>>> print(open('entry.txt').read())   # compact mmCIF, C-alpha atoms
# COMPACT_ATOMS: atom_id res chain seq x y z
CA MET A 2 18.12 -16.71 -28.52
CA SER A 3 17.15 -13.61 -30.52
CA SER A 4 17.27 -10.22 -28.82
CA ASN A 5 14.41 -9.00 -31.02
CA VAL A 6 10.80 -9.87 -31.77
CA LYS A 7 9.56 -9.73 -35.36
CA ILE A 8 6.02 -8.67 -36.16
CA SER A 9 4.52 -9.10 -39.61
CA TYR A 10 1.74 -6.68 -40.49
CA ASN A 11 0.35 -5.20 -43.69
CA ASN A 12 2.92 -6.89 -45.92
CA SER A 13 5.85 -5.61 -43.91
CA GLU A 14 7.96 -6.84 -41.04
CA VAL A 15 9.22 -4.83 -38.06
CA GLU A 16 11.68 -5.77 -35.33
CA LEU A 17 11.19 -4.76 -31.72
CA PRO A 18 13.97 -5.16 -29.13
CA ILE A 19 13.75 -7.42 -26.08
CA VAL A 20 14.53 -5.85 -22.69
CA LYS A 21 16.10 -8.41 -20.35
CA SER A 22 15.11 -8.61 -16.70
CA VAL A 23 17.11 -9.90 -13.74
CA TYR A 24 14.09 -11.95 -12.60
CA GLY A 25 10.70 -12.52 -14.15
CA ALA A 26 9.43 -11.95 -17.67
CA ASP A 27 11.54 -10.17 -20.25
CA ALA A 28 9.77 -7.37 -22.12
CA VAL A 29 9.16 -6.35 -25.71
CA ASP A 30 10.01 -2.67 -26.13
CA ILE A 31 7.06 -1.37 -28.17
CA SER A 32 7.99 2.31 -27.97
CA THR A 33 8.44 2.45 -31.78
CA LEU A 34 5.54 0.12 -32.69
CA LYS A 35 3.09 2.91 -33.56
CA ALA A 36 5.64 4.84 -35.57
CA GLN A 37 6.57 1.74 -37.58
CA THR A 38 3.14 0.16 -38.08
CA GLY A 39 0.45 2.62 -37.02
CA LEU A 40 -0.65 0.04 -34.40
CA ILE A 41 -0.89 0.37 -30.62
CA THR A 42 -1.32 -2.40 -28.06
CA LEU A 43 -4.53 -2.92 -26.06
CA ASP A 44 -4.04 -4.18 -22.51
CA VAL A 45 -7.04 -3.26 -20.35
CA GLY A 46 -5.88 -2.81 -16.76
CA PHE A 47 -2.21 -2.97 -17.87
CA LYS A 48 -1.94 -6.59 -16.71
CA ASN A 49 0.66 -7.43 -19.34
CA THR A 50 2.32 -4.04 -19.74
CA GLY A 51 5.55 -2.90 -18.11
CA SER A 52 5.35 0.82 -17.38
CA THR A 53 8.93 1.26 -16.19
CA LYS A 54 12.27 -0.39 -15.46
CA SER A 55 12.75 -0.51 -11.70
CA ARG A 56 15.45 -1.54 -9.24
CA ILE A 57 13.28 -1.42 -6.11
CA THR A 58 11.00 -4.44 -5.68
CA TYR A 59 10.49 -7.78 -7.35
CA LEU A 60 7.60 -10.17 -6.83
CA ASP A 61 6.99 -13.55 -8.40
CA GLY A 62 3.35 -14.53 -8.09
CA ALA A 63 3.85 -18.09 -9.32
CA GLU A 64 6.68 -18.86 -6.89
CA GLY A 65 5.48 -16.68 -4.01
CA LYS A 66 8.60 -14.52 -3.81
CA LEU A 67 8.91 -10.90 -2.71
CA LEU A 68 12.27 -9.05 -2.67
CA TYR A 69 13.05 -5.51 -1.54
CA ARG A 70 16.26 -4.37 -3.28
CA GLY A 71 17.11 -8.08 -3.64
CA TYR A 72 16.51 -9.01 0.02
CA PRO A 73 13.82 -11.67 0.70
CA ILE A 74 10.85 -10.37 2.67
CA GLU A 75 11.21 -13.34 5.04
CA GLN A 76 14.65 -12.17 6.19
CA LEU A 77 13.69 -8.52 6.47
CA SER A 78 10.53 -9.17 8.50
CA GLU A 79 12.45 -11.39 10.91
CA LYS A 80 15.63 -9.34 11.33
CA SER A 81 14.85 -5.70 10.46
CA THR A 82 12.91 -2.80 11.84
CA PHE A 83 10.58 -0.75 9.70
CA THR A 84 12.98 2.19 9.81
CA GLU A 85 15.81 0.02 8.48
CA VAL A 86 13.58 -1.19 5.63
CA MET A 87 12.58 2.41 4.86
CA TYR A 88 16.28 3.27 4.51
CA LEU A 89 16.86 0.22 2.31
CA LEU A 90 14.02 1.08 -0.08
CA LEU A 91 14.99 4.74 -0.29
CA HIS A 92 18.77 4.36 -0.58
CA GLY A 93 19.18 0.92 -2.15
CA GLU A 94 21.40 -0.55 0.58
CA LEU A 95 21.02 -1.59 4.21
CA PRO A 96 22.30 1.13 6.56
CA THR A 97 25.19 0.95 8.98
CA LEU A 98 24.32 1.54 12.62
CA ASN A 99 25.45 5.18 12.39
CA GLN A 100 23.47 5.74 9.19
CA LEU A 101 20.35 4.22 10.72
CA GLU A 102 20.59 6.25 13.92
CA LYS A 103 21.11 9.46 11.96
CA PHE A 104 18.19 8.61 9.65
CA GLU A 105 15.90 8.06 12.64
CA ARG A 106 16.98 11.33 14.27
CA ASP A 107 16.54 13.24 11.03
CA ILE A 108 13.00 11.93 10.60
CA MET A 109 12.11 12.84 14.19
CA GLU A 110 13.04 16.46 13.48
CA HIS A 111 10.13 16.58 11.02
CA CYS A 112 7.50 14.92 13.20
CA TYR A 113 5.42 18.05 13.53
CA VAL A 114 2.86 19.80 11.33
CA SER A 115 2.01 23.49 11.00
CA GLN A 116 -0.60 24.74 13.46
CA GLU A 117 -2.72 26.00 10.56
CA MET A 118 -3.09 22.38 9.46
CA GLU A 119 -4.85 21.64 12.74
CA GLN A 120 -7.50 24.18 11.75
CA ILE A 121 -8.08 22.27 8.51
CA LEU A 122 -8.40 19.04 10.51
CA GLN A 123 -11.03 20.58 12.80
CA ASN A 124 -13.21 21.48 9.81
CA PHE A 125 -13.76 17.83 8.94
CA PRO A 126 -16.85 16.21 10.49
CA ARG A 127 -16.15 13.27 12.79
CA SER A 128 -18.14 11.13 10.33
CA ALA A 129 -15.47 11.63 7.63
CA HIS A 130 -13.59 8.46 6.70
CA PRO A 131 -9.97 8.64 7.93
CA MET A 132 -8.62 7.92 4.43
CA GLY A 133 -10.52 10.87 2.99
CA VAL A 134 -9.12 13.08 5.73
CA LEU A 135 -5.59 11.70 5.20
CA SER A 136 -5.68 12.28 1.45
CA SER A 137 -6.86 15.87 1.90
CA LEU A 138 -4.35 16.70 4.62
CA THR A 139 -1.47 15.18 2.63
CA SER A 140 -2.38 17.33 -0.35
CA ALA A 141 -2.71 20.38 1.92
CA LEU A 142 0.91 19.92 3.05
CA THR A 143 1.89 21.47 -0.28
CA ALA A 144 0.38 24.80 0.76
CA PHE A 145 2.55 24.93 3.87
CA ASN A 146 5.70 23.63 2.14
CA PRO A 147 5.49 25.35 -1.27
CA ARG A 148 9.17 25.21 -2.25
CA ILE A 149 9.72 23.05 -5.33
CA VAL A 150 12.04 20.11 -4.72
CA ASP A 151 15.13 20.04 -6.90
CA VAL A 152 15.16 16.35 -7.80
CA LYS A 153 18.75 16.65 -9.05
CA SER A 154 19.90 17.75 -5.60
CA PRO A 155 20.52 14.82 -3.18
CA GLU A 156 20.20 17.26 -0.28
CA ASP A 157 16.82 18.52 -1.49
CA MET A 158 15.52 15.02 -2.09
CA TYR A 159 16.69 13.83 1.32
CA GLU A 160 15.02 16.77 3.03
CA ALA A 161 11.75 16.20 1.13
CA THR A 162 11.84 12.51 2.05
CA LEU A 163 12.35 13.29 5.74
CA MET A 164 9.49 15.78 5.70
CA MET A 165 7.18 13.25 4.08
CA LEU A 166 8.09 10.42 6.46
CA GLY A 167 7.81 12.61 9.55
CA LYS A 168 4.72 14.62 8.72
CA PHE A 169 2.71 11.82 7.13
CA MET A 170 3.04 9.79 10.33
CA VAL A 171 1.60 12.75 12.28
CA LEU A 172 -1.30 13.10 9.85
CA CYS A 173 -2.12 9.40 10.18
CA THR A 174 -2.47 9.76 13.94
CA TRP A 175 -4.57 12.90 13.49
CA THR A 176 -7.15 11.00 11.45
CA TYR A 177 -7.65 8.60 14.36
CA ARG A 178 -7.76 11.26 17.06
CA LYS A 179 -10.25 13.29 15.01
CA LYS A 180 -12.49 10.30 14.35
CA PHE A 181 -12.85 9.56 18.04
CA GLY A 182 -12.91 13.11 19.39
CA LEU A 183 -9.55 12.89 21.11
CA PRO A 184 -7.00 15.68 21.56
CA ILE A 185 -3.92 15.59 19.35
CA ASN A 186 -0.77 13.99 20.77
CA TYR A 187 2.68 15.27 19.91
CA SER A 188 5.89 13.52 18.97
CA ASN A 189 8.29 12.10 21.55
CA PRO A 190 11.86 12.26 20.15
CA LYS A 191 13.04 9.65 22.66
CA LEU A 192 11.03 6.94 20.93
CA ASP A 193 11.75 5.09 17.70
CA TYR A 194 9.56 5.70 14.62
CA VAL A 195 7.01 2.94 15.20
CA SER A 196 6.75 3.47 18.97
CA ASN A 197 6.39 7.20 18.41
CA PHE A 198 3.57 6.58 15.96
CA HIS A 199 1.83 4.27 18.40
CA GLN A 200 2.00 6.70 21.32
CA MET A 201 0.72 9.55 19.15
CA MET A 202 -2.22 7.34 18.19
CA PHE A 203 -3.16 5.90 21.56
CA ARG A 204 -1.63 7.81 24.48
CA LYS A 205 -4.45 8.97 26.73
CA PRO A 206 -4.41 12.46 28.23
CA PHE A 207 -2.56 12.68 31.54
CA GLU A 208 -1.26 9.12 31.29
CA GLU A 209 2.33 8.01 30.84
CA TYR A 210 2.90 6.00 27.66
CA LYS A 211 4.51 2.59 28.10
CA VAL A 212 6.00 0.74 25.14
CA ASP A 213 4.52 -2.74 24.68
CA PRO A 214 7.18 -4.81 22.84
CA VAL A 215 4.57 -7.27 21.51
CA VAL A 216 2.54 -4.47 19.94
CA ILE A 217 5.55 -2.62 18.50
CA ASP A 218 7.06 -5.81 17.07
CA SER A 219 3.72 -6.59 15.42
CA LEU A 220 3.46 -3.13 13.87
CA ASN A 221 7.06 -3.32 12.63
CA LYS A 222 6.26 -6.59 10.83
CA LEU A 223 3.03 -5.28 9.35
CA PHE A 224 4.64 -2.08 8.09
CA ILE A 225 7.59 -4.01 6.61
CA LEU A 226 5.28 -6.44 4.80
CA HIS A 227 3.33 -3.53 3.27
CA ALA A 228 6.32 -1.28 2.50
CA ASP A 229 6.30 -1.87 -1.28
CA HIS A 230 4.68 -4.22 -3.77
CA GLU A 231 5.98 -3.36 -7.23
CA GLN A 232 3.74 -1.48 -9.73
CA ASN A 233 0.38 -1.88 -8.02
CA CYS A 234 -2.57 0.53 -8.37
CA SER A 235 -1.54 3.11 -5.75
CA THR A 236 2.15 3.00 -6.69
CA SER A 237 1.24 3.52 -10.32
CA ALA A 238 -0.95 6.45 -9.26
CA VAL A 239 2.00 8.00 -7.42
CA ARG A 240 4.34 7.53 -10.39
CA ILE A 241 1.94 8.77 -13.06
CA THR A 242 1.00 11.81 -10.96
CA GLY A 243 4.66 12.55 -10.38
CA SER A 244 5.39 12.12 -14.09
CA SER A 245 3.60 15.45 -14.67
CA HIS A 246 6.25 16.90 -12.30
CA ALA A 247 3.64 17.27 -9.58
CA GLY A 248 5.33 17.54 -6.19
CA LEU A 249 5.95 14.70 -3.76
CA PHE A 250 3.09 15.66 -1.40
CA ALA A 251 0.55 15.85 -4.23
CA SER A 252 1.76 12.55 -5.69
CA ILE A 253 1.54 10.75 -2.34
CA SER A 254 -1.97 12.15 -1.89
CA ALA A 255 -2.91 10.48 -5.19
CA GLY A 256 -1.51 7.22 -3.86
CA VAL A 257 -3.59 7.52 -0.68
CA SER A 258 -6.75 7.98 -2.74
CA ALA A 259 -5.96 4.97 -4.93
CA LEU A 260 -5.17 2.82 -1.89
CA TRP A 261 -8.55 3.62 -0.35
CA GLY A 262 -10.49 1.34 -2.72
CA PRO A 263 -11.81 -1.99 -1.42
CA LEU A 264 -10.05 -3.85 -4.25
CA HIS A 265 -6.70 -2.48 -3.03
CA GLY A 266 -5.81 -1.23 0.45
CA GLY A 267 -9.37 -1.32 1.72
CA ALA A 268 -9.40 -5.12 1.51
CA ASN A 269 -8.34 -5.69 5.14
CA GLN A 270 -11.21 -3.46 6.29
CA ALA A 271 -13.55 -5.49 4.09
CA VAL A 272 -12.34 -8.68 5.82
CA ILE A 273 -13.40 -7.50 9.28
CA GLU A 274 -16.68 -6.13 7.95
CA MET A 275 -17.39 -9.56 6.44
CA LEU A 276 -16.56 -11.31 9.72
CA GLU A 277 -18.82 -8.93 11.64
CA MET A 278 -21.62 -9.62 9.14
CA ILE A 279 -21.24 -13.36 9.74
CA LYS A 280 -21.31 -12.77 13.49
CA HIS A 281 -24.48 -10.67 13.31
CA ASP A 282 -26.07 -13.37 11.15
CA GLY A 283 -25.59 -15.87 13.95
CA GLY A 284 -22.05 -17.04 13.29
CA ASP A 285 -23.01 -20.00 11.08
CA LEU A 286 -19.72 -20.46 9.22
CA GLN A 287 -20.87 -23.36 7.07
CA LYS A 288 -23.73 -21.29 5.64
CA TRP A 289 -21.32 -18.63 4.36
CA VAL A 290 -18.74 -21.14 3.16
CA ASP A 291 -21.48 -22.84 1.12
CA LYS A 292 -22.52 -19.46 -0.29
CA ALA A 293 -18.91 -18.78 -1.31
CA LYS A 294 -18.80 -22.12 -3.16
CA ASP A 295 -22.08 -21.44 -4.97
CA LYS A 296 -21.26 -19.95 -8.37
CA SER A 297 -24.78 -18.51 -8.65
CA ASP A 298 -24.34 -16.58 -5.39
CA ASP A 299 -22.73 -13.12 -5.48
CA PHE A 300 -21.14 -13.58 -2.03
CA ARG A 301 -17.35 -13.85 -1.94
CA LEU A 302 -15.12 -14.48 1.04
CA MET A 303 -12.86 -11.45 1.51
CA GLY A 304 -9.18 -12.02 2.32
CA PHE A 305 -8.71 -15.27 0.41
CA GLY A 306 -6.51 -15.78 -2.65
CA HIS A 307 -4.58 -13.07 -4.48
CA ARG A 308 -4.61 -11.67 -8.01
CA VAL A 309 -0.81 -11.87 -8.29
CA TYR A 310 0.27 -14.71 -5.99
CA LYS A 311 -1.02 -17.95 -7.50
CA ASN A 312 0.37 -20.46 -5.00
CA PHE A 313 0.78 -18.54 -1.76
CA ASP A 314 1.43 -15.01 -0.56
CA PRO A 315 4.83 -14.97 1.20
CA ARG A 316 3.63 -12.10 3.35
CA ALA A 317 0.66 -14.15 4.55
CA LYS A 318 2.92 -16.99 5.73
CA ILE A 319 4.94 -14.52 7.81
CA ILE A 320 1.95 -12.64 9.19
CA LYS A 321 0.06 -15.86 10.05
CA LYS A 322 2.87 -16.86 12.39
CA ALA A 323 2.91 -13.38 13.92
CA CYS A 324 -0.88 -13.40 14.18
CA ASP A 325 -0.95 -16.66 16.12
CA GLY A 326 1.70 -15.35 18.52
CA ILE A 327 -0.02 -12.00 19.04
CA LEU A 328 -3.43 -13.49 19.82
CA GLU A 329 -1.79 -15.84 22.31
CA LYS A 330 0.34 -13.18 24.01
CA LEU A 331 -2.42 -10.59 24.21
CA GLY A 332 -5.02 -13.11 25.32
CA VAL A 333 -7.68 -11.43 23.22
CA GLU A 334 -11.20 -12.86 23.46
CA ASP A 335 -13.31 -11.74 20.53
CA GLU A 336 -16.12 -13.60 18.78
CA VAL A 337 -15.18 -12.03 15.44
CA LEU A 338 -11.62 -13.33 15.76
CA GLU A 339 -12.96 -16.79 16.63
CA ILE A 340 -14.96 -16.72 13.39
CA ALA A 341 -11.77 -15.73 11.57
CA LYS A 342 -9.95 -18.74 13.01
CA GLY A 343 -12.78 -20.98 11.85
CA LEU A 344 -12.63 -19.57 8.32
CA GLU A 345 -8.87 -19.99 8.26
CA LYS A 346 -9.25 -23.67 9.19
CA VAL A 347 -11.80 -24.18 6.40
CA ALA A 348 -9.59 -22.48 3.81
CA LEU A 349 -6.56 -24.57 4.74
CA GLU A 350 -8.40 -27.92 4.85
CA ASP A 351 -11.49 -27.80 2.60
CA PRO A 352 -10.66 -29.36 -0.83
CA TYR A 353 -12.66 -26.63 -2.62
CA PHE A 354 -10.35 -23.92 -1.27
CA VAL A 355 -7.16 -26.01 -1.34
CA GLU A 356 -7.58 -27.03 -4.99
CA ARG A 357 -8.29 -23.43 -6.04
CA LYS A 358 -5.46 -22.11 -3.87
CA LEU A 359 -7.82 -19.76 -2.05
CA TYR A 360 -5.53 -19.43 0.95
CA PRO A 361 -5.90 -16.65 3.56
CA ASN A 362 -3.90 -13.68 2.29
CA VAL A 363 -2.08 -10.80 3.98
CA ASP A 364 -5.28 -8.73 4.15
CA PHE A 365 -6.99 -11.48 6.12
CA TYR A 366 -4.28 -11.74 8.75
CA SER A 367 -3.46 -8.02 8.95
CA GLY A 368 -7.12 -7.24 9.61
CA ILE A 369 -7.17 -9.77 12.45
CA ILE A 370 -3.98 -8.34 14.00
CA TYR A 371 -5.13 -4.73 13.74
CA ARG A 372 -8.39 -5.66 15.44
CA ALA A 373 -6.52 -7.53 18.19
CA LEU A 374 -4.32 -4.45 18.74
CA GLY A 375 -7.41 -2.30 19.27
CA ILE A 376 -7.15 -0.41 15.99
CA PRO A 377 -10.60 0.51 14.64
CA THR A 378 -11.68 -0.96 11.31
CA GLU A 379 -11.85 2.46 9.62
CA MET A 380 -8.15 2.96 10.42
CA PHE A 381 -6.90 -0.24 8.76
CA THR A 382 -6.22 1.39 5.39
CA VAL A 383 -4.49 4.33 7.08
CA MET A 384 -2.12 1.82 8.69
CA PHE A 385 -1.55 0.29 5.25
CA ALA A 386 -0.78 3.75 3.84
CA LEU A 387 1.83 4.44 6.51
CA GLY A 388 3.51 1.12 5.77
CA ARG A 389 3.44 1.75 2.01
CA LEU A 390 4.80 5.32 2.30
CA PRO A 391 8.55 4.50 1.87
CA GLY A 392 7.72 2.44 -1.22
CA TRP A 393 5.72 5.30 -2.73
CA ILE A 394 8.53 7.76 -2.08
CA SER A 395 11.14 5.38 -3.51
CA GLN A 396 9.09 4.80 -6.63
CA TRP A 397 8.44 8.54 -7.09
CA LYS A 398 12.15 9.29 -6.65
CA GLU A 399 13.19 6.57 -9.11
CA MET A 400 10.70 7.87 -11.68
CA ARG A 401 12.09 11.40 -11.39
CA ASP A 402 15.72 10.22 -11.32
CA ASN A 403 15.07 8.35 -14.58
CA ASN A 404 13.52 11.49 -16.06
CA GLU A 405 10.60 9.40 -17.27
CA PRO A 406 8.14 11.11 -19.64
CA ILE A 407 4.67 12.12 -18.56
CA GLY A 408 2.33 9.15 -18.40
CA ARG A 409 -0.14 9.22 -21.27
CA PRO A 410 -1.83 5.87 -22.10
CA MET A 411 -3.43 5.41 -25.51
CA GLN A 412 -6.91 4.06 -26.21
CA VAL A 413 -8.81 2.09 -28.86
CA TYR A 414 -11.81 4.25 -29.75
CA ILE A 415 -15.02 2.24 -30.31
CA GLY A 416 -17.58 5.07 -30.19
CA ALA A 417 -19.77 6.64 -32.90
CA GLU A 418 -18.33 7.63 -36.26
CA ARG A 419 -18.21 11.32 -37.17
CA ARG A 420 -21.64 12.86 -37.37
CA ASP A 421 -23.14 16.34 -37.74
CA TYR A 422 -24.96 18.25 -35.06
CA VAL A 423 -28.76 18.10 -35.30
CA PRO A 424 -30.70 21.21 -34.15
CA MET A 425 -33.04 20.71 -31.21
CA ASN A 426 -36.24 21.18 -33.25
CA GLU A 427 -35.21 18.49 -35.72
CA ARG A 428 -34.49 15.70 -33.23
>>> encode(input="entry.txt", output="structure tokens")
Amino acid sequence: MSSNVKISYNNSEVELPIVKSVYGADAVDISTLKAQTGLITLDVGFKNTGSTKSRITYLDGAEGKLLYRGYPIEQLSEKSTFTEVMYLLLHGELPTLNQLEKFERDIMEHCYVSQEMEQILQNFPRSAHPMGVLSSLTSALTAFNPRIVDVKSPEDMYEATLMMLGKFMVLCTWTYRKKFGLPINYSNPKLDYVSNFHQMMFRKPFEEYKVDPVVIDSLNKLFILHADHEQNCSTSAVRITGSSHAGLFASISAGVSALWGPLHGGANQAVIEMLEMIKHDGGDLQKWVDKAKDKSDDFRLMGFGHRVYKNFDPRAKIIKKACDGILEKLGVEDEVLEIAKGLEKVALEDPYFVERKLYPNVDFYSGIIYRALGIPTEMFTVMFALGRLPGWISQWKEMRDNNEPIGRPMQVYIGAERRDYVPMNER
């Protein structure tokens, strides 16, 4: 098989090299295409364009596979903790027990935020969406940690990573406490990362916090399943922002903003909002299923199917099992969750959905679990952001380690031809 692709254009022929992948599609390296032919490629939304060569995550939408550093998501979600997966994504290998314990301790040393940041938090109205607050506070971290990270220094990079992991967790809890008028909780170094996050979110004043293994296990799974997902919208935002040599805090803030959209991280919030709408309409599932089938109707069921996974989402299979167990163990009674179960049954049995592979996806199940755990709908995307954080950092670090050039997509201009300015009185 040839290692080059030949393109004939304008009575000449050019050869472009093939870049081999370990898994998935090989790529045509078009970096010299414009210089050789004067042509550029047009790929709206970058659906067929590789922006980088990465060693971090691989997903296969056709086969329903997701690997972190080569490890199947099924194994990691069953056997790992979120902290162990963070280490894996950031360092490329699973940690030893000593490495993991040190990593956890090192993060805990950064689970605090400058007191001046609290003043910024207090200036937000309680009506502000938590993701807007989180994006702003993440960006503001730069002002209180102004030293430029030397990306060539492993020590500097490790310290920056610890700061981001520790402080971002604090900021996530702040957005919740602010939204509901609650006093800020502080870190407890005796707890692991996920338990510490949970107590900072939910510990009530003057009450002792007790770890609920069912809750913490659920959060570990959710965070692991969201930890990275290749070159998606928010990850691309982090990388392209960082390609200008913007700092880690500023780049992560860009990722938070990109994640906020309902077509990306906001999808699990949209699921619950849809279920609540069905409830308020009387709970007639068949009515809304029929509307979803009607091509002339604008209504779409949120949380079904996936733009990348064409057969099934491996994360959804894992989280469905966890979801069933959580609802049973917690004994939650909720009309909205009953509607969700009904929709799930329809999607798994109705020929219309089965034939089109419109299965419940990870957003569907994660929304149900978050609701069962008592996490408000507005906080769902914040939870997603915390899970995705190690992936963002890993991708940012890889981009800087590779010394990738500043991102600068081209365009095909289809506007007006050159024309001369017409004075106001002549128009």
>>> closest_atom_pairs(input="entry.txt", of="segment 144-224 of chain A", to="segment 314-329 of chain A", cutoff="12 Å", atoms="all atoms listed in the file", output="CSV")
residue,atom,partner,partner_atom,distance
A:Asp213,CA,A:Ile327,CA,11.8
A:Pro214,CA,A:Ile327,CA,10.9
A:Val215,CA,A:Ile327,CA,7.0
A:Val216,CA,A:Ile327,CA,8.0
A:Ile217,CA,A:Ile327,CA,10.9
A:Asp218,CA,A:Ala323,CA,9.2
A:Ser219,CA,A:Ala323,CA,7.0
A:Leu220,CA,A:Ala323,CA,10.3
A:Asn221,CA,A:Ala323,CA,11.0
A:Lys222,CA,A:Ile320,CA,7.6
A:Leu223,CA,A:Ile320,CA,7.4
A:Phe224,CA,A:Ile320,CA,11.0
>>> write_last_selection(input="entry.txt", atoms="C-alpha atoms", output="PDB file, in the frame of the given file")
ATOM      1  CA  ASP A 213       4.520  -2.740  24.680  1.00  0.00           C
ATOM      2  CA  PRO A 214       7.180  -4.810  22.840  1.00  0.00           C
ATOM      3  CA  VAL A 215       4.570  -7.270  21.510  1.00  0.00           C
ATOM      4  CA  VAL A 216       2.540  -4.470  19.940  1.00  0.00           C
ATOM      5  CA  ILE A 217       5.550  -2.620  18.500  1.00  0.00           C
ATOM      6  CA  ASP A 218       7.060  -5.810  17.070  1.00  0.00           C
ATOM      7  CA  SER A 219       3.720  -6.590  15.420  1.00  0.00           C
ATOM      8  CA  LEU A 220       3.460  -3.130  13.870  1.00  0.00           C
ATOM      9  CA  ASN A 221       7.060  -3.320  12.630  1.00  0.00           C
ATOM     10  CA  LYS A 222       6.260  -6.590  10.830  1.00  0.00           C
ATOM     11  CA  LEU A 223       3.030  -5.280   9.350  1.00  0.00           C
ATOM     12  CA  PHE A 224       4.640  -2.080   8.090  1.00  0.00           C
TER      13      PHE A 224
END
>>> residues_around(input="entry.txt", residues="segment 229-236 of chain A", least_positions_apart="2", cutoff="8 Å", atoms="all atoms listed in the file", output="number ranges by chain")
A: 57-60, 67, 69, 226-227, 238-240, 255-260, 265, 389, 391-393, 396
>>> residues_near_point(input="entry.txt", point="(23.6, -3.9, 8.8)", cutoff="12 Å", atoms="only C-alpha atoms", output="number ranges by chain")
A: 77, 80-82, 85-86, 88-89, 94-102
>>> residues_around(input="entry.txt", residues="segment 399-402 of chain A", least_positions_apart="5", cutoff="10 Å", atoms="only C-alpha atoms", output="PDB file with C-alpha atoms, in the frame of the given file")
ATOM      1  CA  THR A  53       8.930   1.260 -16.190  1.00  0.00           C
ATOM      2  CA  LYS A  54      12.270  -0.390 -15.460  1.00  0.00           C
ATOM      3  CA  SER A  55      12.750  -0.510 -11.700  1.00  0.00           C
ATOM      4  CA  ARG A  56      15.450  -1.540  -9.240  1.00  0.00           C
ATOM      5  CA  ILE A  57      13.280  -1.420  -6.110  1.00  0.00           C
ATOM      6  CA  LEU A  91      14.990   4.740  -0.290  1.00  0.00           C
ATOM      7  CA  VAL A 152      15.160  16.350  -7.800  1.00  0.00           C
ATOM      8  CA  LYS A 153      18.750  16.650  -9.050  1.00  0.00           C
ATOM      9  CA  VAL A 239       2.000   8.000  -7.420  1.00  0.00           C
ATOM     10  CA  ARG A 240       4.340   7.530 -10.390  1.00  0.00           C
ATOM     11  CA  ILE A 241       1.940   8.770 -13.060  1.00  0.00           C
ATOM     12  CA  GLY A 243       4.660  12.550 -10.380  1.00  0.00           C
ATOM     13  CA  SER A 244       5.390  12.120 -14.090  1.00  0.00           C
ATOM     14  CA  SER A 245       3.600  15.450 -14.670  1.00  0.00           C
ATOM     15  CA  HIS A 246       6.250  16.900 -12.300  1.00  0.00           C
ATOM     16  CA  TRP A 393       5.720   5.300  -2.730  1.00  0.00           C
ATOM     17  CA  ILE A 394       8.530   7.760  -2.080  1.00  0.00           C
TER      18      ILE A 394
END
>>> residues_around(input="entry.txt", residues="segment 104-108 of chain A", least_positions_apart="4", cutoff="12 Å", atoms="all atoms listed in the file", output="MDAnalysis selection string")
chainID A and resid 82:89 91:92 95:100 112:113 159:171 188:195 197
>>> atom_distance(input="entry.txt", atom1="atom CA of Ala228 of chain A", atom2="atom CA of Ala386 of chain A")
8.8 Å
>>> atom_distance(input="entry.txt", atom1="atom CA of Asp335 of chain A", atom2="atom CA of Asp285 of chain A")
15.9 Å
>>> atom_distance(input="entry.txt", atom1="atom CA of Asn186 of chain A", atom2="atom CA of Met201 of chain A")
5.0 Å
>>> closest_residue(input="entry.txt", among="A:Met425, A:His281, A:Ser395, A:Lys21", to="Arg70 of chain A", atoms="all atoms listed in the file")
A:Ser395
>>> build_atoms(input="entry.txt", residues="segment 304-312 of chain A", atoms="N, CA and C atoms", output="PDB file, keeping the file's coordinate frame")
ATOM      1  N   GLY A 304     -10.436 -11.663   1.653  1.00  0.00           N
ATOM      2  CA  GLY A 304      -9.180 -12.020   2.320  1.00  0.00           C
ATOM      3  C   GLY A 304      -8.654 -13.386   1.946  1.00  0.00           C
ATOM      4  N   PHE A 305      -9.167 -13.947   0.830  1.00  0.00           N
ATOM      5  CA  PHE A 305      -8.710 -15.270   0.410  1.00  0.00           C
ATOM      6  C   PHE A 305      -8.250 -15.215  -1.042  1.00  0.00           C
ATOM      7  N   GLY A 306      -7.083 -15.825  -1.317  1.00  0.00           N
ATOM      8  CA  GLY A 306      -6.510 -15.780  -2.650  1.00  0.00           C
ATOM      9  C   GLY A 306      -5.899 -14.424  -2.951  1.00  0.00           C
ATOM     10  N   HIS A 307      -5.241 -14.313  -4.097  1.00  0.00           N
ATOM     11  CA  HIS A 307      -4.580 -13.070  -4.480  1.00  0.00           C
ATOM     12  C   HIS A 307      -4.470 -13.010  -5.994  1.00  0.00           C
ATOM     13  N   ARG A 308      -4.642 -11.814  -6.549  1.00  0.00           N
ATOM     14  CA  ARG A 308      -4.610 -11.670  -8.010  1.00  0.00           C
ATOM     15  C   ARG A 308      -3.221 -11.917  -8.586  1.00  0.00           C
ATOM     16  N   VAL A 309      -2.175 -11.706  -7.787  1.00  0.00           N
ATOM     17  CA  VAL A 309      -0.810 -11.870  -8.290  1.00  0.00           C
ATOM     18  C   VAL A 309      -0.204 -13.190  -7.828  1.00  0.00           C
ATOM     19  N   TYR A 310      -0.309 -13.482  -6.522  1.00  0.00           N
ATOM     20  CA  TYR A 310       0.270 -14.710  -5.990  1.00  0.00           C
ATOM     21  C   TYR A 310      -0.655 -15.884  -6.280  1.00  0.00           C
ATOM     22  N   LYS A 311      -0.180 -16.848  -7.063  1.00  0.00           N
ATOM     23  CA  LYS A 311      -1.020 -17.950  -7.500  1.00  0.00           C
ATOM     24  C   LYS A 311      -0.867 -19.197  -6.647  1.00  0.00           C
ATOM     25  N   ASN A 312       0.200 -19.315  -5.889  1.00  0.00           N
ATOM     26  CA  ASN A 312       0.370 -20.460  -5.000  1.00  0.00           C
ATOM     27  C   ASN A 312       0.193 -20.051  -3.544  1.00  0.00           C
TER      28      ASN A 312
END
